[in-house]
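Quick look at structure-v1.txt (compact mmCIF, C-alpha atoms and all ligand atoms):
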# COMPACT_ATOMS: atom_id res chain seq x y z
CA MET A 1 5.83 8.21 -9.24
CA LYS A 2 6.42 4.69 -7.96
CA ILE A 3 4.22 1.68 -8.68
CA GLN A 4 3.16 -0.63 -5.85
CA VAL A 5 1.62 -3.98 -6.70
CA ALA A 6 -0.87 -5.14 -4.05
CA ILE A 7 -0.86 -8.92 -3.89
CA ASP A 8 -4.30 -9.83 -2.60
CA LEU A 9 -3.91 -13.56 -3.22
CA LEU A 10 -4.14 -16.21 -0.54
CA SER A 11 -1.01 -18.35 -0.67
CA THR A 12 2.73 -17.79 -0.51
CA ALA A 13 3.20 -19.88 -3.65
CA GLU A 14 0.81 -17.70 -5.65
CA ALA A 15 2.36 -14.53 -4.23
CA LEU A 16 5.88 -15.65 -5.16
CA GLU A 17 4.71 -16.56 -8.66
CA LEU A 18 3.00 -13.19 -9.21
CA ALA A 19 5.88 -11.21 -7.70
CA GLY A 20 8.31 -13.05 -9.95
CA LYS A 21 6.33 -12.01 -13.01
CA VAL A 22 5.77 -8.35 -12.16
CA ALA A 23 8.87 -7.38 -10.16
CA PRO A 24 10.69 -5.84 -13.16
CA TYR A 25 7.90 -3.28 -13.57
CA VAL A 26 7.14 -2.29 -9.96
CA ASP A 27 9.00 -0.53 -7.16
CA ILE A 28 7.08 -1.78 -4.14
CA ILE A 29 5.66 -5.27 -3.53
CA GLU A 30 2.72 -5.24 -1.12
CA LEU A 31 1.60 -8.34 0.74
CA GLY A 32 -2.15 -7.82 1.13
CA THR A 33 -3.94 -8.12 4.45
CA PRO A 34 -5.82 -11.33 3.48
CA LEU A 35 -2.53 -12.90 2.36
CA ILE A 36 -0.78 -12.10 5.64
CA LYS A 37 -3.80 -13.39 7.58
CA ALA A 38 -3.85 -16.60 5.54
CA GLU A 39 -0.14 -17.34 5.54
CA GLY A 40 1.26 -15.43 8.51
CA LEU A 41 4.39 -13.31 8.67
CA SER A 42 6.39 -15.98 6.84
CA VAL A 43 5.01 -14.70 3.53
CA ILE A 44 6.81 -11.40 4.16
CA THR A 45 10.09 -13.25 4.69
CA ALA A 46 9.59 -15.36 1.58
CA ILE A 47 8.95 -12.33 -0.65
CA LYS A 48 11.83 -10.28 0.79
CA GLN A 49 14.22 -13.21 0.32
CA ALA A 50 13.08 -13.61 -3.30
CA HIS A 51 13.20 -9.83 -4.00
CA PRO A 52 15.81 -8.22 -1.74
CA ASP A 53 16.13 -5.26 -4.12
CA LYS A 54 12.44 -4.33 -3.85
CA THR A 55 10.65 -2.40 -1.12
CA VAL A 56 8.37 -4.90 0.63
CA PHE A 57 5.17 -3.46 2.09
CA ALA A 58 3.30 -5.47 4.72
CA ASP A 59 -0.35 -4.36 4.66
CA MET A 60 -0.91 -5.14 8.32
CA LYS A 61 -3.70 -2.50 8.70
CA THR A 62 -2.81 -2.33 12.39
CA MET A 63 -5.37 -0.70 14.69
CA ASP A 64 -3.73 -1.24 18.11
CA ALA A 65 -0.36 -2.27 19.57
CA GLY A 66 1.38 -0.30 16.83
CA GLU A 67 4.94 -0.71 18.06
CA LEU A 68 4.60 -4.48 18.55
CA GLU A 69 2.76 -5.22 15.28
CA ALA A 70 5.08 -3.03 13.21
CA ASP A 71 8.14 -4.56 14.83
CA ILE A 72 7.17 -8.17 14.12
CA ALA A 73 6.52 -7.27 10.46
CA PHE A 74 9.87 -5.47 10.19
CA ALA A 75 11.61 -8.43 11.85
CA ALA A 76 10.04 -10.69 9.19
CA GLY A 77 11.53 -8.56 6.41
CA ALA A 78 9.09 -5.72 5.70
CA ASP A 79 10.44 -2.31 4.71
CA LEU A 80 7.07 -0.55 5.07
CA VAL A 81 4.14 -1.42 7.35
CA SER A 82 0.60 0.01 7.24
CA ILE A 83 -1.22 1.35 10.31
CA LEU A 84 -4.84 2.52 10.11
CA GLY A 85 -5.50 6.25 10.24
CA ALA A 86 -8.46 5.49 12.52
CA ALA A 87 -6.02 4.25 15.18
CA ASP A 88 -5.07 6.42 18.12
CA ASN A 89 -2.10 8.74 17.59
CA SER A 90 -0.22 6.77 20.26
CA THR A 91 -0.59 3.60 18.13
CA ILE A 92 0.84 5.39 15.10
CA ALA A 93 3.62 6.97 17.19
CA GLY A 94 4.54 3.53 18.55
CA ALA A 95 4.77 2.12 15.05
CA VAL A 96 6.94 5.06 13.95
CA LYS A 97 9.22 4.33 16.94
CA ALA A 98 9.65 0.72 15.77
CA ALA A 99 10.31 1.91 12.21
CA THR A 100 12.90 4.47 13.33
CA GLU A 101 14.75 1.88 15.42
CA ARG A 102 14.96 -0.43 12.41
CA GLY A 103 15.57 2.22 9.72
CA LYS A 104 12.20 1.38 8.05
CA GLY A 105 8.94 3.24 7.40
CA ILE A 106 5.26 3.47 8.36
CA VAL A 107 2.42 4.17 5.94
CA VAL A 108 -0.90 5.32 7.39
CA ASP A 109 -3.94 3.95 5.55
CA LEU A 110 -6.90 6.37 5.53
CA ILE A 111 -9.51 3.73 4.64
CA GLY A 112 -12.83 4.68 6.26
CA ILE A 113 -11.71 8.18 7.30
CA ALA A 114 -14.22 10.89 6.34
CA ASP A 115 -11.95 13.96 6.30
CA LYS A 116 -8.86 12.40 4.75
CA PRO A 117 -6.79 15.59 4.12
CA ALA A 118 -7.15 16.71 7.75
CA ARG A 119 -6.20 13.29 9.18
CA ALA A 120 -3.35 13.02 6.67
CA ARG A 121 -1.82 16.24 7.99
CA GLU A 122 -2.17 15.05 11.60
CA VAL A 123 -0.47 11.70 10.98
CA ALA A 124 2.23 13.18 8.75
CA ALA A 125 3.31 15.22 11.76
CA LEU A 126 3.89 11.93 13.63
CA GLY A 127 6.71 11.04 11.24
CA VAL A 128 5.14 8.54 8.87
CA GLN A 129 6.75 7.92 5.47
CA PHE A 130 3.60 8.62 3.46
CA VAL A 131 -0.18 8.50 3.79
CA GLU A 132 -2.36 6.16 1.72
CA PHE A 133 -5.56 7.69 0.30
CA HIS A 134 -7.47 4.45 0.07
CA ALA A 135 -10.92 3.28 -0.93
CA GLY A 136 -11.10 -0.40 -0.05
CA LEU A 137 -12.53 -3.19 -2.16
CA ASP A 138 -15.98 -2.92 -0.51
CA GLU A 139 -16.14 0.85 -0.98
CA GLN A 140 -15.11 0.46 -4.63
CA ALA A 141 -18.08 -1.90 -5.13
CA GLN A 142 -20.59 0.77 -4.01
CA PRO A 143 -22.60 2.48 -6.78
CA GLY A 144 -21.16 5.87 -7.71
CA TYR A 145 -17.62 5.13 -6.49
CA ASP A 146 -15.27 7.71 -8.00
CA LEU A 147 -11.46 7.55 -7.78
CA ASP A 148 -11.27 11.28 -8.57
CA VAL A 149 -12.58 12.08 -5.09
CA LEU A 150 -9.53 10.32 -3.62
CA LEU A 151 -7.17 12.10 -6.01
CA SER A 152 -8.55 15.53 -5.11
CA ALA A 153 -8.32 14.71 -1.40
CA GLY A 154 -4.72 13.56 -1.78
CA ALA A 155 -3.75 16.69 -3.67
CA ALA A 156 -5.45 18.87 -1.04
CA SER A 157 -3.56 17.21 1.82
CA GLN A 158 -0.17 18.65 0.84
CA VAL A 159 1.63 15.68 2.41
CA PRO A 160 3.43 12.79 0.64
CA PHE A 161 0.70 10.33 -0.36
CA SER A 162 -0.15 7.14 -2.21
CA VAL A 163 -3.45 6.25 -3.86
CA ALA A 164 -5.22 2.87 -3.70
CA GLY A 165 -8.74 2.23 -4.89
CA GLY A 166 -8.92 0.32 -8.11
CA VAL A 167 -6.09 2.12 -9.91
CA SER A 168 -5.92 0.84 -13.49
CA ILE A 169 -4.38 1.58 -16.87
CA SER A 170 -7.19 4.07 -17.55
CA THR A 171 -6.60 6.05 -14.33
CA ILE A 172 -2.87 5.84 -13.59
CA ALA A 173 -2.07 9.03 -15.54
CA ASP A 174 -4.61 10.92 -13.40
CA VAL A 175 -3.03 9.45 -10.26
CA GLN A 176 0.34 10.78 -11.38
CA LYS A 177 -1.15 14.21 -12.20
CA SER A 178 -2.62 14.41 -8.69
CA GLY A 179 0.92 14.52 -7.30
CA ALA A 180 0.89 11.09 -5.66
CA GLN A 181 4.26 9.57 -4.80
CA VAL A 182 2.94 6.02 -5.22
CA ALA A 183 0.14 4.40 -7.26
CA VAL A 184 -1.11 1.14 -5.75
CA ALA A 185 -2.56 -1.40 -8.18
CA GLY A 186 -4.00 -4.71 -7.01
CA GLY A 187 -6.78 -6.18 -9.12
CA ALA A 188 -5.56 -4.39 -12.25
CA ILE A 189 -2.45 -6.58 -12.07
CA TYR A 190 -3.32 -9.83 -10.27
CA SER A 191 -6.64 -10.27 -12.10
CA ALA A 192 -5.18 -9.54 -15.52
CA GLU A 193 -4.82 -12.38 -18.01
CA ASP A 194 -1.12 -11.43 -18.29
CA PRO A 195 -0.06 -9.75 -15.03
CA ALA A 196 3.46 -8.98 -16.29
CA GLN A 197 2.05 -7.21 -19.33
CA ALA A 198 -0.45 -5.31 -17.17
CA ALA A 199 2.32 -4.11 -14.85
CA LYS A 200 4.51 -3.21 -17.83
CA GLU A 201 1.69 -1.12 -19.32
CA LEU A 202 1.13 0.69 -16.02
CA GLN A 203 4.82 1.53 -15.87
CA ALA A 204 4.83 2.64 -19.52
CA ALA A 205 1.87 4.98 -18.86
CA LEU A 206 3.98 7.07 -16.47
CA VAL A 207 5.44 10.30 -17.82
O1 LIG A 301 -5.69 -2.90 0.59
C1 LIG A 301 -6.48 -3.28 -0.25
C2 LIG A 301 -7.89 -3.58 0.11
O2 LIG A 301 -8.16 -3.23 1.43
C3 LIG A 301 -6.04 -3.44 -1.68
O3 LIG A 301 -4.81 -4.07 -1.70
C4 LIG A 301 -5.96 -2.09 -2.35
O4 LIG A 301 -7.28 -1.53 -2.41
C5 LIG A 301 -5.38 -2.16 -3.77
O5 LIG A 301 -6.10 -3.07 -4.54
P1 LIG A 301 -7.05 -2.60 -5.75
O6 LIG A 301 -6.17 -1.90 -6.76
O7 LIG A 301 -7.63 -3.88 -6.29
O8 LIG A 301 -8.04 -1.65 -5.14
Show me, as structure tokens, the structure contained in the file I just sent.
Amino acid sequence: MKIQVAIDLLSTAEALELAGKVAPYVDIIELGTPLIKAEGLSVITAIKQAHPDKTVFADMKTMDAGELEADIAFAAGADLVSILGAADNSTIAGAVKAATERGKGIVVDLIGIADKPARAREVAALGVQFVEFHAGLDEQAQPGYDLDVLLSAGAASQVPFSVAGGVSISTIADVQKSGAQVAVAGGAIYSAEDPAQAAKELQAALV
């Protein structure tokens, strides 16, 4: 299983600093949606230039104009771009077209989707690289939030999937057991007192 660090910070300088610390322990560096909105596409270029050996994920969360939005993120240096599962299939197909032309990949984010396994199977058929079973920061803050629900849904989907929803050192082994290809960790790394140590421990917890 791969580890993806989600950088939900607000400046390119902070993102470069965090990426520099944690890069040895992660496979994929994600530029979070608030970061891209705050800094623009240039943050993607800055991170890719600093870490050309890493897969750079632009969390665009695109809902419309899939081909155009994916293409501008790929042109800036992204290797993977996220499109929302709630988007029309034509939006996802357009993004896949841009990815295919550039030899890159699309990840569909199932945030807010009720029947995640069913939608995952539909979008997988459109040619996306993998599907993200995701509970966003606001959903995680609701009483009774349970990561296990996401893990069961991912396992039931029978398509390549990632998991994002407050993954931490206490849950990463369960994420791996669920069969996920990628575990996404944001707050567990960027909010840690020692982000490099936190990322190292996540990596060490993999079997
Ligand atoms: O995309 C996001 C929020 O929409 C986050 O990047 C994702 O949820 C991972 O962060 P965390 O591990 O803190 O949940």
| message | At a cut-off of 7 Å around ligand LIG 301 (chain A), and using all atoms listed in the file, what residues come up? Please write them as a count of residues only. | response | 19
| task | Name the closest residue to A:Ala98 among the candidates A:Leu84, A:Ala38, A:Leu68, A:Ala78; distances are taken between atoms, counting all atoms listed in the file. | result | A:Leu68
| request: Please indicate the distance in Å from atom CA of A:Val131 to atom CA of A:Ile111, rounded to one decimal place. | output: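 Pair atom CA of A:Val131 / atom CA of A:Ile111 returns 10.5 Å.
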| field | Top pick for closest residue to A:Lys2, considering A:Lys61, A:Lys54, A:Lys21, A:Lys97 and counting only C-alpha atoms | value |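 So, comparing all the options, the nearest one is A:Lys54.
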| task | Give me the residues within 10 Å of A:Phe74 as a VMD selection string, counting all atoms listed in the file and dropping any in the same chain fewer than 5 places off. | result | chain A and resid 41 44 to 45 56 to 58 68 to 69 79 to 81 98 to 99 102 to 105
| said: as a PyMOL selection string, please: the residues near A:Leu206 (cut-off 12 Å, all atoms listed in the file, same-chain neighbours under 3 positions excluded). | reply: chain A and resi 1-3+25-26+169-177+180-183+199-203
| query | So, counting all atoms listed in the file, which residue among A:His51, A:Leu151, A:Asp146, A:Asp64 is closest to A:Ala93? | reply |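 Checking each of A:His51, A:Leu151, A:Asp146, A:Asp64 against A:Ala93, counting all atoms listed in the file, the winner is A:Asp64.
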| query | So which one's closest to A:Met60, A:Asp27, A:Asp138, A:Asp109, A:Glu101? Using only C-alpha atoms, please. | reply |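 Looking only at the distances to A:Met60, the closest residue turns out to be A:Asp109.
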| field | One-decimal distance in Å that lies between atom CA of A:Leu126 and atom CA of A:Thr100 | value | 11.7 Å
| query | Nearest to A:Phe161: which of A:Val107, A:Ala198, A:Ile189, A:Ala87 is it, counting only C-alpha atoms? | reply |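 Among the listed residues, A:Val107 lies closest to A:Phe161.
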